[in-house]
$ cat final_20.cif   # mmCIF, C-alpha atoms and all ligand atoms
data_upload
#
loop_
_atom_site.label_atom_id
_atom_site.label_comp_id
_atom_site.auth_asym_id
_atom_site.auth_seq_id
_atom_site.Cartn_x
_atom_site.Cartn_y
_atom_site.Cartn_z
CA MET A 1 -8.64 -16.04 17.18
CA LYS A 2 -8.58 -13.40 14.43
CA LEU A 3 -5.42 -13.39 12.31
CA LEU A 4 -4.46 -9.77 13.05
CA ALA A 5 -5.59 -9.55 16.69
CA GLY A 6 -3.56 -7.04 18.69
CA LYS A 7 -1.79 -5.52 15.69
CA PHE A 8 -1.72 -1.87 14.64
CA ALA A 9 -1.60 -1.17 10.87
CA LEU A 10 -0.88 1.89 8.75
CA ILE A 11 -2.39 1.73 5.25
CA THR A 12 -1.68 4.47 2.71
CA GLY A 13 -4.10 5.17 -0.12
CA ALA A 14 -7.03 3.92 1.97
CA SER A 15 -9.73 6.18 0.52
CA GLN A 16 -10.65 3.87 -2.36
CA GLY A 17 -9.69 0.81 -4.39
CA LEU A 18 -7.35 -1.76 -2.86
CA GLY A 19 -6.42 0.35 0.19
CA ARG A 20 -10.07 0.73 1.20
CA GLU A 21 -10.65 -3.01 0.93
CA LEU A 22 -7.51 -3.68 2.97
CA ALA A 23 -8.72 -1.36 5.73
CA LEU A 24 -12.10 -3.16 5.94
CA THR A 25 -10.46 -6.59 5.81
CA TYR A 26 -7.88 -5.73 8.47
CA ALA A 27 -10.68 -4.40 10.70
CA ARG A 28 -12.59 -7.68 10.28
CA GLU A 29 -9.38 -9.62 11.06
CA GLY A 30 -9.12 -8.04 14.50
CA VAL A 31 -6.46 -5.29 14.32
CA ARG A 32 -6.21 -3.22 17.50
CA GLY A 33 -5.89 -0.01 15.48
CA LEU A 34 -5.68 1.48 12.00
CA ALA A 35 -4.05 4.62 10.63
CA LEU A 36 -5.55 5.43 7.23
CA VAL A 37 -3.96 7.92 4.85
CA ALA A 38 -5.21 9.68 1.70
CA ARG A 39 -6.03 13.17 0.41
CA SER A 40 -9.84 12.74 0.28
CA LYS A 41 -11.12 13.50 3.76
CA ASP A 42 -14.74 12.70 2.89
CA LEU A 43 -13.91 9.26 1.52
CA LEU A 44 -11.75 8.44 4.56
CA GLN A 45 -14.52 9.56 6.91
CA SER A 46 -17.11 7.43 5.14
CA LEU A 47 -14.70 4.48 5.31
CA ALA A 48 -14.25 5.08 9.05
CA SER A 49 -18.06 5.02 9.49
CA GLU A 50 -18.19 1.68 7.70
CA ILE A 51 -15.36 0.34 9.88
CA TYR A 52 -17.16 1.44 13.08
CA ARG A 53 -20.19 -0.58 11.98
CA ILE A 54 -17.93 -3.67 12.00
CA ARG A 55 -15.79 -2.69 15.02
CA PRO A 56 -17.49 0.10 17.04
CA ASN A 57 -14.55 0.64 19.44
CA LEU A 58 -11.64 0.29 17.03
CA ASN A 59 -8.88 2.91 17.27
CA VAL A 60 -9.01 4.51 13.78
CA ALA A 61 -6.76 7.49 12.94
CA ILE A 62 -7.83 9.29 9.77
CA ILE A 63 -4.79 11.09 8.32
CA ASN A 64 -5.62 13.51 5.59
CA ALA A 65 -2.31 14.09 3.75
CA ASP A 66 -0.68 14.48 0.36
CA LEU A 67 2.15 11.93 0.19
CA GLY A 68 3.75 13.94 -2.61
CA SER A 69 5.15 16.24 0.09
CA SER A 70 8.02 15.02 2.30
CA VAL A 71 6.86 17.32 5.09
CA GLU A 72 3.40 15.73 4.94
CA VAL A 73 4.92 12.24 4.95
CA GLU A 74 6.80 13.09 8.15
CA ARG A 75 3.55 14.37 9.67
CA VAL A 76 1.85 11.08 8.70
CA ALA A 77 4.60 9.18 10.52
CA ALA A 78 4.29 11.38 13.63
CA VAL A 79 0.48 11.08 13.79
CA THR A 80 0.74 7.30 13.30
CA LEU A 81 3.28 6.99 16.12
CA ALA A 82 0.96 8.90 18.44
CA ALA A 83 -2.05 6.79 17.42
CA CYS A 84 -0.25 3.45 17.88
CA GLU A 85 1.51 4.57 21.07
CA GLY A 86 4.91 3.92 19.51
CA ARG A 87 4.27 0.29 18.52
CA LEU A 88 3.48 -0.33 14.85
CA ASP A 89 3.09 -3.88 13.50
CA ILE A 90 2.05 -3.49 9.85
CA LEU A 91 2.90 -0.86 7.24
CA VAL A 92 1.24 -1.14 3.81
CA ASN A 93 2.66 1.30 1.25
CA ASN A 94 -0.29 1.13 -1.15
CA ALA A 95 -0.94 4.75 -2.26
CA SER A 96 0.01 5.51 -5.84
CA THR A 97 -0.71 7.97 -8.56
CA ILE A 98 -0.76 7.05 -12.25
CA GLY A 99 0.42 10.53 -13.31
CA PRO A 100 -0.96 12.45 -16.29
CA VAL A 101 -3.67 10.80 -18.40
CA PRO A 102 -3.82 10.10 -21.29
CA MET A 103 -0.42 8.65 -20.40
CA PRO A 104 2.27 10.47 -22.40
CA TYR A 105 5.40 8.88 -23.81
CA LEU A 106 8.61 9.84 -21.99
CA LEU A 107 9.58 12.28 -24.74
CA ASP A 108 6.53 14.40 -23.89
CA TYR A 109 6.38 13.66 -20.14
CA PRO A 110 6.12 16.89 -18.10
CA ALA A 111 9.04 17.03 -15.64
CA ASP A 112 6.86 18.29 -12.76
CA ASP A 113 4.53 15.32 -13.15
CA PHE A 114 7.52 12.97 -13.27
CA HIS A 115 8.76 14.35 -9.92
CA GLN A 116 5.28 14.16 -8.38
CA VAL A 117 4.76 10.51 -9.36
CA LEU A 118 8.15 9.52 -7.95
CA ASN A 119 7.45 11.47 -4.75
CA VAL A 120 4.14 9.70 -4.08
CA ASN A 121 4.99 6.20 -5.34
CA LEU A 122 8.65 5.87 -4.31
CA ILE A 123 9.96 8.61 -2.00
CA ALA A 124 6.96 8.42 0.36
CA PRO A 125 7.37 4.64 0.97
CA PHE A 126 11.12 5.19 1.56
CA LEU A 127 10.46 7.96 4.10
CA LEU A 128 7.63 6.13 5.86
CA ILE A 129 9.81 3.06 6.38
CA GLN A 130 12.71 5.24 7.53
CA ASN A 131 10.53 7.17 9.99
CA LEU A 132 8.56 4.20 11.34
CA LEU A 133 11.16 1.46 11.57
CA ALA A 134 12.02 2.29 15.19
CA ALA A 135 8.39 1.61 16.12
CA MET A 136 8.63 -1.91 14.63
CA ILE A 137 12.17 -3.06 15.27
CA ASP A 138 11.95 -4.30 18.88
CA HIS A 139 8.89 -6.54 18.54
CA GLY A 140 9.08 -7.22 14.76
CA GLY A 141 6.63 -6.32 12.05
CA SER A 142 5.54 -6.64 8.45
CA ILE A 143 6.10 -4.06 5.71
CA ILE A 144 4.24 -4.61 2.44
CA ASN A 145 4.93 -2.45 -0.60
CA VAL A 146 2.42 -2.57 -3.45
CA THR A 147 4.07 -2.94 -6.84
CA SER A 148 2.88 -3.73 -10.37
CA ASP A 149 3.92 -5.69 -13.45
CA ALA A 150 4.74 -2.21 -14.84
CA GLY A 151 7.62 -2.31 -12.32
CA ARG A 152 9.19 -5.21 -14.20
CA VAL A 153 8.51 -4.40 -17.85
CA GLY A 154 8.97 -0.97 -19.45
CA TYR A 155 5.58 -0.69 -21.15
CA PRO A 156 5.32 2.27 -23.56
CA GLY A 157 3.29 5.10 -22.02
CA TRP A 158 3.45 3.81 -18.42
CA GLY A 159 6.21 6.41 -17.89
CA ALA A 160 6.92 7.65 -14.37
CA TYR A 161 4.38 5.23 -12.86
CA GLY A 162 6.24 2.16 -14.18
CA ILE A 163 9.63 3.69 -13.36
CA SER A 164 8.46 4.45 -9.81
CA LYS A 165 7.48 0.79 -9.40
CA PHE A 166 10.89 -0.36 -10.75
CA GLY A 167 12.33 1.92 -8.03
CA LEU A 168 9.96 0.56 -5.39
CA GLU A 169 11.08 -2.99 -6.18
CA GLY A 170 14.74 -1.95 -5.80
CA LEU A 171 13.92 -0.08 -2.60
CA SER A 172 12.15 -3.17 -1.25
CA GLN A 173 15.07 -5.47 -2.10
CA THR A 174 17.58 -3.13 -0.46
CA TRP A 175 15.49 -2.68 2.71
CA ALA A 176 15.00 -6.49 2.82
CA ALA A 177 18.78 -7.04 2.68
CA GLU A 178 19.47 -4.39 5.31
CA LEU A 179 16.75 -5.74 7.63
CA ALA A 180 17.74 -9.40 7.16
CA LYS A 181 19.02 -9.78 10.73
CA THR A 182 15.98 -8.12 12.33
CA ASP A 183 12.43 -9.27 13.01
CA VAL A 184 11.03 -6.73 10.56
CA ARG A 185 10.17 -8.42 7.29
CA ILE A 186 9.49 -6.68 4.01
CA ASN A 187 7.73 -8.13 0.98
CA TRP A 188 6.26 -6.56 -2.13
CA ILE A 189 3.05 -7.62 -3.80
CA ASP A 190 1.82 -7.18 -7.36
CA PRO A 191 -1.98 -7.27 -6.90
CA GLY A 192 -2.59 -7.89 -10.64
CA ASN A 193 -5.30 -6.25 -12.71
CA MET A 194 -8.06 -4.78 -10.52
CA ASN A 195 -11.18 -2.79 -11.33
CA THR A 196 -10.25 0.50 -9.60
CA ALA A 197 -10.38 4.20 -10.41
CA MET A 198 -6.67 4.26 -11.23
CA HIS A 199 -6.85 1.39 -13.69
CA ARG A 200 -10.02 2.67 -15.36
CA GLU A 201 -8.31 6.05 -15.79
CA ALA A 202 -5.13 4.49 -17.20
CA GLU A 203 -6.90 2.22 -19.70
CA PRO A 204 -10.28 3.82 -20.49
CA ASP A 205 -10.75 1.70 -23.64
CA GLU A 206 -10.46 -1.64 -21.82
CA ASP A 207 -13.35 -3.56 -20.22
CA PRO A 208 -12.91 -3.11 -16.44
CA THR A 209 -15.29 -5.96 -15.66
CA ALA A 210 -12.56 -8.31 -16.89
CA TRP A 211 -10.37 -7.17 -13.95
CA SER A 212 -10.56 -8.46 -10.37
CA ASP A 213 -12.51 -6.81 -7.60
CA PRO A 214 -9.86 -5.55 -5.14
CA ALA A 215 -11.72 -7.45 -2.39
CA ALA A 216 -10.63 -10.65 -4.15
CA VAL A 217 -6.90 -10.04 -3.57
CA THR A 218 -6.80 -9.01 0.11
CA ASP A 219 -6.11 -12.51 1.49
CA ILE A 220 -2.38 -12.41 0.73
CA PHE A 221 -2.13 -9.02 2.50
CA VAL A 222 -3.70 -10.58 5.61
CA PHE A 223 -1.44 -13.61 5.44
CA LEU A 224 1.76 -11.56 5.13
CA ALA A 225 0.70 -9.17 7.89
CA SER A 226 -0.16 -12.03 10.25
CA ASP A 227 2.13 -14.24 12.30
CA SER A 228 1.37 -17.08 9.85
CA GLY A 229 3.45 -15.16 7.30
CA GLN A 230 6.38 -14.55 9.65
CA HIS A 231 8.70 -16.88 7.70
CA VAL A 232 8.15 -14.99 4.41
CA ARG A 233 10.62 -12.14 3.83
CA GLY A 234 12.29 -10.42 0.92
CA GLU A 235 9.82 -11.89 -1.58
CA ARG A 236 8.06 -10.47 -4.62
CA LEU A 237 4.59 -12.01 -4.70
CA GLU A 238 1.68 -11.98 -7.11
CA ALA A 239 -1.71 -11.78 -5.43
CA GLN A 240 -3.53 -13.45 -8.31
CA SER A 241 -1.17 -16.46 -8.55
CA LYS A 242 -1.15 -19.69 -6.52
CA TRP A 243 0.84 -18.04 -3.71
CA ARG A 244 -0.80 -20.03 -0.94
CA ALA A 245 0.66 -23.39 -1.99
CA ARG A 246 4.14 -21.84 -2.18
CA LEU A 247 4.08 -19.81 1.03
CA GLN A 248 2.10 -21.75 3.59
CA LYS A 249 4.08 -23.98 5.92
CA GLY A 250 3.05 -27.59 6.43
N1 LIG B 1 -5.61 -1.35 -10.21
C1 LIG B 1 -4.73 -2.19 -10.75
O1 LIG B 1 -5.02 -2.91 -11.71
C2 LIG B 1 -3.33 -2.28 -10.18
C3 LIG B 1 -2.43 -3.16 -10.80
C4 LIG B 1 -1.14 -3.28 -10.26
C5 LIG B 1 -0.80 -2.53 -9.15
N2 LIG B 1 -1.70 -1.67 -8.58
C6 LIG B 1 -1.28 -0.93 -7.38
O2 LIG B 1 -2.27 -1.11 -6.37
C7 LIG B 1 -2.22 0.01 -5.46
C8 LIG B 1 -3.61 0.54 -5.23
O3 LIG B 1 -4.10 1.09 -6.43
P1 LIG B 1 -5.65 1.12 -6.80
O4 LIG B 1 -5.78 0.46 -8.10
O5 LIG B 1 -6.44 0.66 -5.64
O6 LIG B 1 -5.83 2.68 -7.07
P2 LIG B 1 -6.92 3.76 -6.61
O7 LIG B 1 -8.25 3.12 -6.42
O8 LIG B 1 -6.79 4.88 -7.56
O9 LIG B 1 -6.39 4.20 -5.18
C9 LIG B 1 -5.19 4.92 -5.03
C10 LIG B 1 -5.12 5.43 -3.61
O10 LIG B 1 -3.92 6.21 -3.47
C11 LIG B 1 -4.25 7.46 -2.88
N3 LIG B 1 -3.36 8.52 -3.33
C12 LIG B 1 -3.08 8.88 -4.62
N4 LIG B 1 -2.27 9.96 -4.64
C13 LIG B 1 -2.04 10.29 -3.33
C14 LIG B 1 -1.32 11.32 -2.70
N5 LIG B 1 -0.65 12.25 -3.41
N6 LIG B 1 -1.30 11.37 -1.34
C15 LIG B 1 -1.99 10.45 -0.61
N7 LIG B 1 -2.69 9.44 -1.16
C16 LIG B 1 -2.73 9.37 -2.50
C17 LIG B 1 -5.70 7.73 -3.32
O11 LIG B 1 -6.35 8.58 -2.38
P3 LIG B 1 -6.69 10.14 -2.63
O12 LIG B 1 -6.95 10.32 -4.09
O13 LIG B 1 -7.87 10.35 -1.75
O14 LIG B 1 -5.48 10.85 -2.15
C18 LIG B 1 -6.29 6.32 -3.24
O15 LIG B 1 -6.73 6.05 -1.93
C19 LIG B 1 -1.26 1.04 -6.11
O16 LIG B 1 0.01 0.93 -5.50
C20 LIG B 1 -1.19 0.58 -7.56
O17 LIG B 1 0.00 0.97 -8.16
C21 LIG B 1 -2.95 -1.52 -9.08
#
$ encode --input "final_20.cif" --output "C-alpha cells"
Amino acid sequence: MKLLAGKFALITGASQGLGRELALTYAREGVRGLALVARSKDLLQSLASEIYRIRPNLNVAIINADLGSSVEVERVAAVTLAACEGRLDILVNNASTIGPVPMPYLLDYPADDFHQVLNVNLIAPFLLIQNLLAAMIDHGGSIINVTSDAGRVGYPGWGAYGISKFGLEGLSQTWAAELAKTDVRINWIDPGNMNTAMHREAEPDEDPTAWSDPAAVTDIFVFLASDSGQHVRGERLEAQSKWRARLQKG
C-alpha cells in the first residue's frame, strides 16, 4: 500500500525546486489527485507530462496563478475545491519569493517589494488555509508550511523574506492552537539548504553543490502527509535533521 493512497494534495510553488520534487514524490506515493500552483505555465505543463509517465490516469489540476494577489489565491482555492470534489487531504504551502536581489538591507528595501514578498510568502498561506479548511475539517488532513532558518534568525539582508518566514511560523503556531481540537494537523518544516533557483539567486557567491538536492528532503513531507504522521501536530521540524527517530512511533 502506497503511503498517500486515496489522498488529494495541493502543492504551491510546484513549477521547480522543492515543490516540483514534492509533486513527483506524492504522485509516486499514490495520491488520488494533485493541484499544482505556480506562475510558469510551461514548467507546470512539463511537470504534468512527467507525472503522467508515472501515473497515466492521475487527476492533475494545473493552476497557473500569482499568489501575490488575494483574488488569485481565492481562485486557486476554488479550482482546487472543484478538482478534489470538496475533499482535500494535504495542503503544502511551499511557494515563496526571495524578493529583490542583490538582497538590500531594510533601510533601502523598496516598500512595494516588501508588500509583494509578504503577500506571496505569508498572506497567501493564511488565505489558502482559511479558504480550504472546510474541505479538510470533517475527515481530517495535513497542512505543511515551508519555513526557513531565516524565519528564526534576523540575518542581515534577508529582509522581507526572513520576516515573512517569522510571520509564517507565528501563523502556523496560531493555526495549530486553534485547530487543536480538530483532526486537521498543521506542522512547519525548514527544509535546510537546497540547491534551487531561489537559493542560487540569493547567494550567488556560494557553492550550490554543497547544498542538498531537494529530492533528498521529500521523505519528511511524505511522512507528515501520510496517516503514519497523524500523531505529529503543531511541530517545527527540520528536514535535514534526525527527525525520523524523534517522530516515528514504536
Ligand atoms: N532553497 C533553500 O535552500 C531553502 C532553504 C530554506 C527554505 N526554503 C523554502 O523552500 C521552499 C521552496 O523553495 P525553493 O528553494 O524550492 O525555491 P524555487 O526553486 O525558487 O521555487 C519557488 C517556487 O515558488 C513559486 N512562486 C514564486 N513566486 C510565486 C508567486 N508569486 N505565485 C505563485 N508561485 C510563486 C515558483 O514558481 P513560479 O516562479 O513559476 O511562479 C516556484 O515554483 C520555499 O518556501 C523556501 O522559502 C528553501
$ atom_distance --input "final_20.cif" --atom1 "atom O16 of ligand LIG 1 (chain B)" --atom2 "atom CA of A:Asn94"
4.4 Å
$ atom_distance --input "final_20.cif" --atom1 "atom CA of A:Glu203" --atom2 "atom O4 of ligand LIG 1 (chain B)"
11.8 Å
$ residues_around --input "final_20.cif" --residues "A:Asp183" --least-positions-apart "6" --cutoff "8 Å" --atoms "all atoms listed in the file" --output "VMD selection string"
chain A and resid 137 to 141
$ atom_distance --input "final_20.cif" --atom1 "atom CA of A:Leu106" --atom2 "atom C16 of ligand LIG 1 (chain B)"
22.6 Å
$ residues_around --input "final_20.cif" --residues "stretch 238-240 of chain A" --least-positions-apart "4" --cutoff "7 Å" --atoms "only C-alpha atoms" --output "CSV table (one decimal) with C-alpha atoms, in the coordinates of the input"
chain,number,residue,atom,x,y,z
A,189,ILE,CA,3.0,-7.6,-3.8
A,190,ASP,CA,1.8,-7.2,-7.4
A,191,PRO,CA,-2.0,-7.3,-6.9
A,192,GLY,CA,-2.6,-7.9,-10.6
A,217,VAL,CA,-6.9,-10.0,-3.6
A,220,ILE,CA,-2.4,-12.4,0.7
$ residues_near_ligand --input "final_20.cif" --ligand "ligand LIG 1 (chain B)" --cutoff "8 Å" --atoms "only C-alpha atoms and all ligand atoms" --output "PyMOL selection string"
chain A and resi 12-20+37-41+43-44+64-69+93-98+116+120-121+145-150+161+165+190-200+211-212+214
$ axis_aligned_box --input "final_20.cif" --around "stretch 212-221 of chain A" --padding-each-side "5 Å" --output "lines of an AutoDock Vina configuration file"
center_x = -7.3
center_y = -9.0
center_z = -3.9
size_x = 20.4
size_y = 17.0
size_z = 22.9
$ residues_around --input "final_20.cif" --residues "A:Leu132" --least-positions-apart "2" --cutoff "8 Å" --atoms "only C-alpha atoms" --output "PyMOL selection string"
chain A and resi 77+81+88+128-130+134-136
$ residues_near_point --input "final_20.cif" --point "(9.5, -8.9, 2.1)" --cutoff "8 Å" --atoms "only C-alpha atoms" --output "mmCIF file with C-alpha atoms, in the coordinates of the input"
data_model
loop_
_atom_site.group_PDB
_atom_site.id
_atom_site.type_symbol
_atom_site.label_atom_id
_atom_site.label_comp_id
_atom_site.auth_asym_id
_atom_site.auth_seq_id
_atom_site.Cartn_x
_atom_site.Cartn_y
_atom_site.Cartn_z
ATOM 1 C CA SER A 142 5.540 -6.640 8.450
ATOM 2 C CA ILE A 143 6.100 -4.060 5.710
ATOM 3 C CA ILE A 144 4.240 -4.610 2.440
ATOM 4 C CA SER A 172 12.150 -3.170 -1.250
ATOM 5 C CA GLN A 173 15.070 -5.470 -2.100
ATOM 6 C CA ALA A 176 15.000 -6.490 2.820
ATOM 7 C CA ARG A 185 10.170 -8.420 7.290
ATOM 8 C CA ILE A 186 9.490 -6.680 4.010
ATOM 9 C CA ASN A 187 7.730 -8.130 0.980
ATOM 10 C CA TRP A 188 6.260 -6.560 -2.130
ATOM 11 C CA VAL A 232 8.150 -14.990 4.410
ATOM 12 C CA ARG A 233 10.620 -12.140 3.830
ATOM 13 C CA GLY A 234 12.290 -10.420 0.920
ATOM 14 C CA GLU A 235 9.820 -11.890 -1.580
ATOM 15 C CA ARG A 236 8.060 -10.470 -4.620
#
$ closest_residue --input "final_20.cif" --among "A:Asp108, A:Asp227, A:Glu178, A:Asp207" --to "A:Ala160" --atoms "all atoms listed in the file"
A:Asp108
$ closest_residue --input "final_20.cif" --among "A:Ile11, A:Ala216, A:Ile90, A:Leu24" --to "A:Ser46" --atoms "only C-alpha atoms"
A:Leu24
$ residues_around --input "final_20.cif" --residues "stretch 50-60 of chain A" --least-positions-apart "2" --cutoff "10 Å" --atoms "all atoms listed in the file" --output "list in words"
Phe8, Ala9, Leu10, Ala23, Leu24, Thr25, Tyr26, Ala27, Arg28, Gly30, Val31, Arg32, Gly33, Leu34, Ala35, Leu36, Leu44, Gln45, Ser46, Leu47, Ala48, Ile62, Ile63, Ala83 and Cys84 of chain A
$ closest_residue --input "final_20.cif" --among "A:Phe166, A:Gln248, A:Gly99, A:Trp175" --to "A:Gly154" --atoms "all atoms listed in the file"
A:Phe166
$ closest_residue --input "final_20.cif" --among "A:Thr80, A:Ile163, A:Asp89, A:Thr174" --to "A:Gln230" --atoms "only C-alpha atoms"
A:Asp89
$ build_atoms --input "final_20.cif" --residues "stretch 183-198 of chain A" --atoms "N, CA and C atoms" --output "short mmCIF file (atom, residue, chain, number, x, y, z; two decimals), in the coordinates of the input"
data_model
loop_
_atom_site.label_atom_id
_atom_site.label_comp_id
_atom_site.auth_asym_id
_atom_site.auth_seq_id
_atom_site.Cartn_x
_atom_site.Cartn_y
_atom_site.Cartn_z
N ASP A 183 13.75 -8.60 13.08
CA ASP A 183 12.43 -9.27 13.01
C ASP A 183 11.43 -8.47 12.18
N VAL A 184 11.93 -7.46 11.47
CA VAL A 184 11.03 -6.73 10.56
C VAL A 184 11.21 -7.34 9.18
N ARG A 185 10.10 -7.80 8.62
CA ARG A 185 10.17 -8.42 7.29
C ARG A 185 9.52 -7.49 6.28
N ILE A 186 10.06 -7.51 5.07
CA ILE A 186 9.49 -6.68 4.01
C ILE A 186 9.27 -7.55 2.77
N ASN A 187 8.09 -7.42 2.21
CA ASN A 187 7.73 -8.13 0.98
C ASN A 187 7.01 -7.16 0.08
N TRP A 188 6.95 -7.45 -1.21
CA TRP A 188 6.26 -6.56 -2.13
C TRP A 188 5.33 -7.37 -3.01
N ILE A 189 4.12 -6.86 -3.15
CA ILE A 189 3.05 -7.62 -3.80
C ILE A 189 2.58 -6.90 -5.06
N ASP A 190 2.51 -7.66 -6.15
CA ASP A 190 1.82 -7.18 -7.36
C ASP A 190 0.39 -7.70 -7.26
N PRO A 191 -0.60 -6.79 -7.08
CA PRO A 191 -1.98 -7.27 -6.90
C PRO A 191 -2.60 -7.78 -8.20
N GLY A 192 -1.99 -7.50 -9.36
CA GLY A 192 -2.59 -7.89 -10.64
C GLY A 192 -3.69 -6.91 -11.04
N ASN A 193 -4.27 -7.16 -12.20
CA ASN A 193 -5.30 -6.25 -12.71
C ASN A 193 -6.51 -6.19 -11.77
N MET A 194 -6.89 -4.96 -11.39
CA MET A 194 -8.06 -4.78 -10.52
C MET A 194 -8.93 -3.67 -11.11
N ASN A 195 -10.22 -3.80 -10.87
CA ASN A 195 -11.18 -2.79 -11.33
C ASN A 195 -11.22 -1.65 -10.31
N THR A 196 -10.33 -0.66 -10.51
CA THR A 196 -10.25 0.50 -9.60
C THR A 196 -10.20 1.78 -10.43
N ALA A 197 -10.38 2.90 -9.73
CA ALA A 197 -10.38 4.20 -10.41
C ALA A 197 -9.09 4.40 -11.20
N MET A 198 -7.95 4.05 -10.56
CA MET A 198 -6.67 4.26 -11.23
C MET A 198 -6.57 3.48 -12.54
#
